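The file protein-v5.csv contains CSV, C-alpha atoms:
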```csv
chain,number,residue,atom,x,y,z
A,1,MET,CA,70.2,-29.2,42.1
A,2,THR,CA,73.3,-31.2,41.7
A,3,ILE,CA,74.8,-32.7,44.8
A,4,ARG,CA,78.5,-32.2,45.5
A,5,LEU,CA,80.5,-35.2,46.6
A,6,TYR,CA,84.0,-34.5,47.9
A,7,ASP,CA,86.0,-37.4,46.6
A,8,LEU,CA,89.4,-38.6,47.8
A,9,VAL,CA,92.1,-38.6,45.0
A,10,GLY,CA,95.9,-38.7,44.6
A,11,LYS,CA,98.1,-37.1,42.0
A,12,ASP,CA,95.7,-38.3,39.3
A,13,ARG,CA,92.5,-36.3,40.2
A,14,THR,CA,90.4,-38.4,37.8
A,15,ARG,CA,90.9,-41.6,39.9
A,16,PRO,CA,88.9,-41.5,43.2
A,17,PHE,CA,90.0,-44.4,45.4
A,18,SER,CA,88.4,-44.0,48.9
A,19,PRO,CA,86.1,-47.0,49.7
A,20,HIS,CA,83.9,-44.7,51.8
A,21,CYS,CA,83.5,-42.2,49.0
A,22,TRP,CA,82.7,-45.0,46.6
A,23,LYS,CA,79.9,-46.2,48.9
A,24,VAL,CA,78.4,-42.8,48.6
A,25,ALA,CA,78.9,-42.5,44.9
A,26,PHE,CA,77.1,-45.9,44.5
A,27,ALA,CA,74.3,-44.7,46.9
A,28,LEU,CA,73.8,-41.4,45.0
A,29,ALA,CA,73.6,-43.3,41.7
A,30,HIS,CA,71.2,-45.9,43.2
A,31,LYS,CA,68.9,-43.0,44.2
A,32,GLY,CA,69.1,-41.6,40.7
A,33,LEU,CA,70.4,-38.3,42.0
A,34,ASP,CA,72.6,-36.0,39.9
A,35,PHE,CA,76.0,-35.4,41.6
A,36,GLU,CA,79.4,-34.1,40.8
A,37,SER,CA,82.6,-35.4,42.2
A,38,VAL,CA,84.9,-32.8,43.7
A,39,PRO,CA,88.4,-34.2,43.6
A,40,THR,CA,90.0,-33.7,47.1
A,41,SER,CA,93.4,-34.7,48.3
A,42,PHE,CA,94.2,-35.7,51.9
A,43,THR,CA,95.8,-32.3,52.7
A,44,GLU,CA,92.8,-30.5,51.1
A,45,ILE,CA,90.3,-32.1,53.5
A,46,PRO,CA,90.6,-29.4,56.2
A,47,GLN,CA,89.3,-26.8,53.6
A,48,VAL,CA,86.3,-28.8,52.6
A,49,GLU,CA,83.1,-26.9,53.6
A,50,ARG,CA,85.2,-24.7,56.0
A,51,GLY,CA,86.5,-27.7,57.9
A,52,PHE,CA,83.1,-29.4,58.3
A,53,SER,CA,84.7,-32.8,58.8
A,54,LYS,CA,88.2,-34.3,59.5
A,55,THR,CA,87.5,-37.0,56.9
A,56,ILE,CA,85.6,-37.4,53.6
A,57,PRO,CA,83.2,-38.3,52.1
A,58,VAL,CA,81.3,-35.1,52.6
A,59,ILE,CA,78.3,-34.1,50.5
A,60,ARG,CA,76.6,-30.8,50.0
A,61,ASP,CA,72.9,-31.0,49.0
A,62,GLY,CA,71.6,-27.4,48.6
A,63,GLU,CA,72.0,-25.9,52.1
A,64,THR,CA,72.7,-29.2,53.8
A,65,VAL,CA,76.2,-30.6,54.4
A,66,VAL,CA,76.6,-34.2,55.6
A,67,ALA,CA,79.7,-36.2,56.5
A,68,GLU,CA,80.4,-40.0,56.9
A,69,SER,CA,79.2,-42.6,54.5
A,70,PHE,CA,76.5,-44.3,56.6
A,71,ALA,CA,75.1,-40.9,57.8
A,72,ILE,CA,75.0,-39.8,54.2
A,73,ALA,CA,73.1,-43.0,53.1
A,74,LEU,CA,70.6,-42.4,55.9
A,75,TYR,CA,70.2,-38.8,54.9
A,76,LEU,CA,69.6,-39.7,51.3
A,77,GLU,CA,67.0,-42.3,52.3
A,78,GLU,CA,65.1,-39.9,54.5
A,79,THR,CA,65.4,-36.9,52.2
A,80,TYR,CA,64.5,-38.8,49.0
A,81,PRO,CA,62.0,-41.4,50.1
A,82,ASN,CA,60.3,-41.7,46.7
A,83,ARG,CA,63.4,-42.8,45.0
A,84,PRO,CA,64.8,-46.4,45.1
A,85,SER,CA,65.4,-47.4,48.6
A,86,LEU,CA,69.0,-48.1,49.9
A,87,PHE,CA,67.7,-50.3,52.7
A,88,LEU,CA,64.1,-51.5,52.1
A,89,GLY,CA,63.1,-50.7,55.7
A,90,GLU,CA,64.5,-50.8,59.2
A,91,GLY,CA,65.7,-54.4,58.9
A,92,GLY,CA,67.8,-53.4,55.9
A,93,LYS,CA,69.3,-50.5,57.9
A,94,ALA,CA,70.3,-52.8,60.7
A,95,MET,CA,71.8,-55.4,58.3
A,96,ALA,CA,73.8,-52.7,56.5
A,97,ARG,CA,75.1,-51.4,59.8
A,98,PHE,CA,76.2,-54.8,60.8
A,99,ILE,CA,77.9,-55.4,57.4
A,100,GLU,CA,79.6,-52.0,57.7
A,101,ARG,CA,80.9,-52.7,61.2
A,102,TRP,CA,82.2,-56.1,59.9
A,103,SER,CA,83.8,-54.4,57.0
A,104,GLN,CA,85.5,-51.8,59.1
A,105,SER,CA,86.7,-54.1,61.8
A,106,MET,CA,87.8,-57.1,59.7
A,107,LEU,CA,88.0,-56.3,55.9
A,108,ALA,CA,89.5,-52.8,56.0
A,109,PRO,CA,92.5,-53.5,58.2
A,110,LEU,CA,93.4,-56.6,56.1
A,111,LEU,CA,93.1,-54.7,52.8
A,112,SER,CA,95.0,-51.7,54.3
A,113,SER,CA,98.0,-53.9,55.1
A,114,MET,CA,98.1,-55.0,51.5
A,115,LEU,CA,97.5,-51.6,49.9
A,116,LEU,CA,99.3,-49.0,51.9
A,117,MET,CA,102.5,-48.8,49.8
A,118,ASP,CA,100.5,-48.6,46.6
A,119,ILE,CA,98.3,-45.9,47.9
A,120,HIS,CA,101.4,-44.0,49.1
A,121,GLU,CA,102.7,-44.0,45.6
A,122,LEU,CA,99.5,-42.5,44.2
A,123,LEU,CA,100.0,-39.3,46.3
A,124,ASP,CA,101.9,-36.1,45.8
A,125,ASP,CA,104.7,-35.2,48.2
A,126,ASP,CA,102.6,-33.3,50.8
A,127,ASP,CA,100.0,-36.1,50.9
A,128,LYS,CA,102.7,-38.8,51.1
A,129,ALA,CA,104.2,-37.1,54.2
A,130,TYR,CA,100.7,-36.9,55.8
A,131,PHE,CA,99.8,-40.5,54.8
A,132,ARG,CA,103.0,-42.0,56.0
A,133,ALA,CA,102.9,-40.2,59.4
A,134,THR,CA,99.3,-41.1,60.1
A,135,ARG,CA,99.3,-44.7,58.9
A,136,GLU,CA,102.6,-45.6,60.5
A,137,ALA,CA,101.2,-44.2,63.8
A,138,ARG,CA,98.1,-46.3,63.3
A,139,PHE,CA,99.8,-49.6,62.4
A,140,GLY,CA,102.9,-49.1,64.6
A,141,ASN,CA,105.4,-49.8,61.9
A,142,ARG,CA,106.9,-48.5,58.7
A,143,LEU,CA,104.8,-48.7,55.5
A,144,GLU,CA,107.5,-50.9,53.9
A,145,GLU,CA,107.4,-53.4,56.7
A,146,ILE,CA,103.6,-53.5,56.8
A,147,ALA,CA,103.5,-54.4,53.1
A,148,LEU,CA,105.9,-57.3,53.3
A,149,GLY,CA,104.4,-60.7,52.7
A,150,ARG,CA,101.0,-59.5,51.5
A,151,GLU,CA,100.7,-62.5,49.2
A,152,GLY,CA,100.5,-64.7,52.3
A,153,ARG,CA,97.5,-62.8,53.5
A,154,LEU,CA,95.4,-63.7,50.5
A,155,GLU,CA,94.2,-66.9,52.2
A,156,THR,CA,93.1,-64.9,55.2
A,157,LEU,CA,91.3,-62.4,53.0
A,158,ALA,CA,89.5,-65.3,51.2
A,159,LYS,CA,88.4,-66.6,54.6
A,160,CYS,CA,87.3,-63.1,55.7
A,161,LEU,CA,85.1,-62.9,52.6
A,162,GLU,CA,83.5,-66.3,53.2
A,163,PRO,CA,80.2,-64.8,54.7
A,164,VAL,CA,79.8,-62.8,51.5
A,165,ARG,CA,80.7,-65.8,49.3
A,166,ALA,CA,78.2,-68.1,51.2
A,167,THR,CA,75.4,-65.5,51.0
A,168,LEU,CA,75.9,-65.2,47.2
A,169,THR,CA,75.2,-68.9,46.8
A,170,VAL,CA,71.6,-68.3,47.7
A,171,GLN,CA,70.9,-64.8,46.3
A,172,PRO,CA,72.4,-62.6,43.7
A,173,PHE,CA,73.2,-59.7,46.0
A,174,LEU,CA,73.8,-59.2,49.7
A,175,GLY,CA,70.6,-57.2,49.7
A,176,GLY,CA,68.7,-60.1,48.1
A,177,ASP,CA,67.4,-59.8,44.6
A,178,ARG,CA,68.9,-56.3,44.1
A,179,ALA,CA,71.9,-54.3,45.3
A,180,LEU,CA,71.3,-52.3,48.4
A,181,PHE,CA,73.6,-50.1,50.5
A,182,CYS,CA,75.0,-53.3,52.2
A,183,ASP,CA,76.3,-54.3,48.8
A,184,TYR,CA,77.9,-50.9,48.2
A,185,VAL,CA,79.7,-51.2,51.6
A,186,VAL,CA,81.7,-54.3,50.5
A,187,ALA,CA,81.9,-53.2,46.8
A,188,GLY,CA,83.5,-49.9,47.9
A,189,MET,CA,86.2,-51.8,49.8
A,190,LEU,CA,87.0,-54.0,46.7
A,191,GLN,CA,86.9,-50.9,44.4
A,192,TRP,CA,89.5,-49.3,46.7
A,193,ALA,CA,91.8,-52.3,46.0
A,194,ARG,CA,91.0,-52.3,42.3
A,195,VAL,CA,91.7,-48.6,41.8
A,196,ALA,CA,94.6,-48.1,44.2
A,197,SER,CA,96.7,-51.2,43.5
A,198,PRO,CA,97.7,-53.6,40.7
A,199,PHE,CA,97.9,-56.3,43.4
A,200,ARG,CA,95.0,-58.7,42.8
A,201,VAL,CA,93.1,-59.5,46.0
A,202,LEU,CA,90.5,-61.8,44.5
A,203,GLN,CA,91.3,-65.1,42.7
A,204,ASP,CA,89.9,-66.1,39.3
A,205,GLY,CA,86.5,-67.9,39.7
A,206,ASP,CA,85.7,-66.5,43.1
A,207,PRO,CA,82.0,-65.8,43.3
A,208,VAL,CA,82.8,-62.6,45.2
A,209,GLY,CA,84.7,-61.5,42.1
A,210,ARG,CA,81.7,-62.2,39.8
A,211,TRP,CA,79.4,-60.3,42.1
A,212,PHE,CA,81.8,-57.4,42.3
A,213,GLU,CA,82.0,-57.2,38.5
A,214,THR,CA,78.2,-57.0,38.5
A,215,CYS,CA,78.3,-54.2,41.0
A,216,LEU,CA,80.8,-52.3,38.8
A,217,SER,CA,78.3,-52.5,35.9
A,218,LEU,CA,75.4,-51.1,37.9
A,219,HIS,CA,74.2,-47.5,37.4
A,220,GLY,CA,75.5,-47.2,33.8
A,221,GLY,CA,78.9,-48.8,34.8
A,222,LEU,CA,79.7,-46.1,37.4
A,223,GLY,CA,82.3,-48.2,39.1
A,224,ALA,CA,83.9,-49.6,35.9
A,225,ARG,CA,84.5,-46.0,34.5
A,226,VAL,CA,87.6,-45.8,36.6
A,227,LYS,CA,90.1,-48.2,35.1
A,228,ALA,CA,91.8,-50.8,37.4
A,229,ALA,CA,95.3,-50.0,38.4
```
Could I get this file's structure written as structure tokens?
Amino acid sequence: MTIRLYDLVGKDRTRPFSPHCWKVAFALAHKGLDFESVPTSFTEIPQVERGFSKTIPVIRDGETVVAESFAIALYLEETYPNRPSLFLGEGGKAMARFIERWSQSMLAPLLSSMLLMDIHELLDDDDKAYFRATREARFGNRLEEIALGREGRLETLAKCLEPVRATLTVQPFLGGDRALFCDYVVAGMLQWARVASPFRVLQDGDPVGRWFETCLSLHGGLGARVKAA
């Protein structure tokens, strides 16, 4: 049975951009599971599976509905143990959880400050109103003010990514010799920037960029199928 993935989109419903939905898309493909993306706007989320979650991703797998990207990854690992592992054991789960917490606390706020206005422009009018109200409340400033000077934050972003860069000097993926869910956590964040904004967040020659391009080519080029902004 095909799994349904509720996937965040803007006016162009063929261009999912949520980093958390991309984590799940990569995880489903990693497991070799058939899935269909269900395009879902911000203001449509309350109708997803009768209001199952305030946020997406959400998946439906037969009679089971699961929300939140890490919980979905754990569900896939437990439900399909004979398919390629997302974690390679309890140590891999712990590592992925650490990387996700780092990503959420350090990488996501920095990228958000660079991308907010571009994301706003991707949305229809109802979603724009919702997005502006919620993000301005979160950041305590107008979107236009938050976006100012984003070029000056590129050096901070490069420093933030240094643990990833350093790890890639000794192994091809964060997961070791193959991509695991920890890779998809960071790749999902960079895919968010790639799809949502023409603003380049990685510099030419950055090993993180080369790794990201490799991630985009995985699983039959799943990530690369959506063109960059």
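If you look at atom CA of Leu116 of chain A and atom CA of Phe52 of chain A, they are 26.2 Å away from each other.
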Handout entry: Residues within 7 Å of Ile146 of chain A, only C-alpha atoms, excluding chain neighbours under 4 positions, as an MDAnalysis selection string
Key = chainID A and resid 113 141:142
Can you build me a table of segment 69-186 of chain A residues sitting at most 9 Å from segment 190-201 of chain A, with the closest atom pair per residue and its distance in Å to one decimal, using only C-alpha atoms, sorted by chain and residue number, as a Markdown table?
```
| residue | atom | partner | partner_atom | distance |
| --- | --- | --- | --- | --- |
| A:Leu111 | CA | A:Ala193 | CA | 7.3 |
| A:Ser112 | CA | A:Ala193 | CA | 8.9 |
| A:Met114 | CA | A:Phe199 | CA | 8.2 |
| A:Leu115 | CA | A:Ser197 | CA | 6.5 |
| A:Met117 | CA | A:Ser197 | CA | 8.9 |
| A:Asp118 | CA | A:Ser197 | CA | 5.6 |
| A:Ile119 | CA | A:Ala196 | CA | 5.7 |
| A:Leu122 | CA | A:Ala196 | CA | 7.4 |
| A:Glu151 | CA | A:Val201 | CA | 8.8 |
| A:Leu154 | CA | A:Val201 | CA | 6.6 |
| A:Leu157 | CA | A:Val201 | CA | 7.8 |
| A:Ala158 | CA | A:Val201 | CA | 8.6 |
| A:Val186 | CA | A:Leu190 | CA | 6.5 |
```
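Minimum distance to Cys215 of chain A across A:Ala179, A:Leu86, A:Gln203, A:Thr64 (counting all atoms listed in the file) occurs at A:Ala179.
Counting all atoms listed in the file, the residue from A:Phe212, A:Phe173, A:Tyr6, A:Trp102 that sits nearest to His20 of chain A is A:Tyr6.
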Handout entry: Of the listed residues A:Asp61, A:Asp34, A:Glu144, A:Asp124, that which approaches Gly10 of chain A most closely, counting all atoms listed in the file
Key = A:Asp124
Exercise for the section: Quick one: everything within 12 Å of segment 44-49 of chain A, counting all atoms listed in the file, minus sequence neighbours fewer than 3 positions away in the same chain. Send it as a ChimeraX atom specification. Expected result: /A:4-10,38-41,52-61,63-67,124,126-127,130
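The list of residues within 12 Å of (67.1, -51.0, 58.4), counted using only C-alpha atoms, is Phe70, Ala73, Leu74, Glu77, Glu78, Ser85, Leu86, Phe87, Leu88, Gly89, Glu90, Gly91, Gly92, Lys93, Ala94, Met95, Ala96, Arg97, Phe98, Ile99, Gly175, Leu180, Phe181 and Cys182 of chain A.
Closest approach to Asp125 of chain A from the set A:Ser217, A:Phe42, A:Val208, A:Ile3 is made by A:Phe42, with distances taken over all atoms listed in the file.
Taking atom CA of Leu202 of chain A as the reference point, atom CA of Leu161 of chain A is found at 9.8 Å.
Distances here use all atoms listed in the file; by that measure, the residue among A:Arg15, A:Arg132, A:Lys227, A:Arg83 closest to Gly32 of chain A is A:Arg83.
Going from atom CA of Ala147 of chain A to atom CA of Met189 of chain A covers 17.8 Å.
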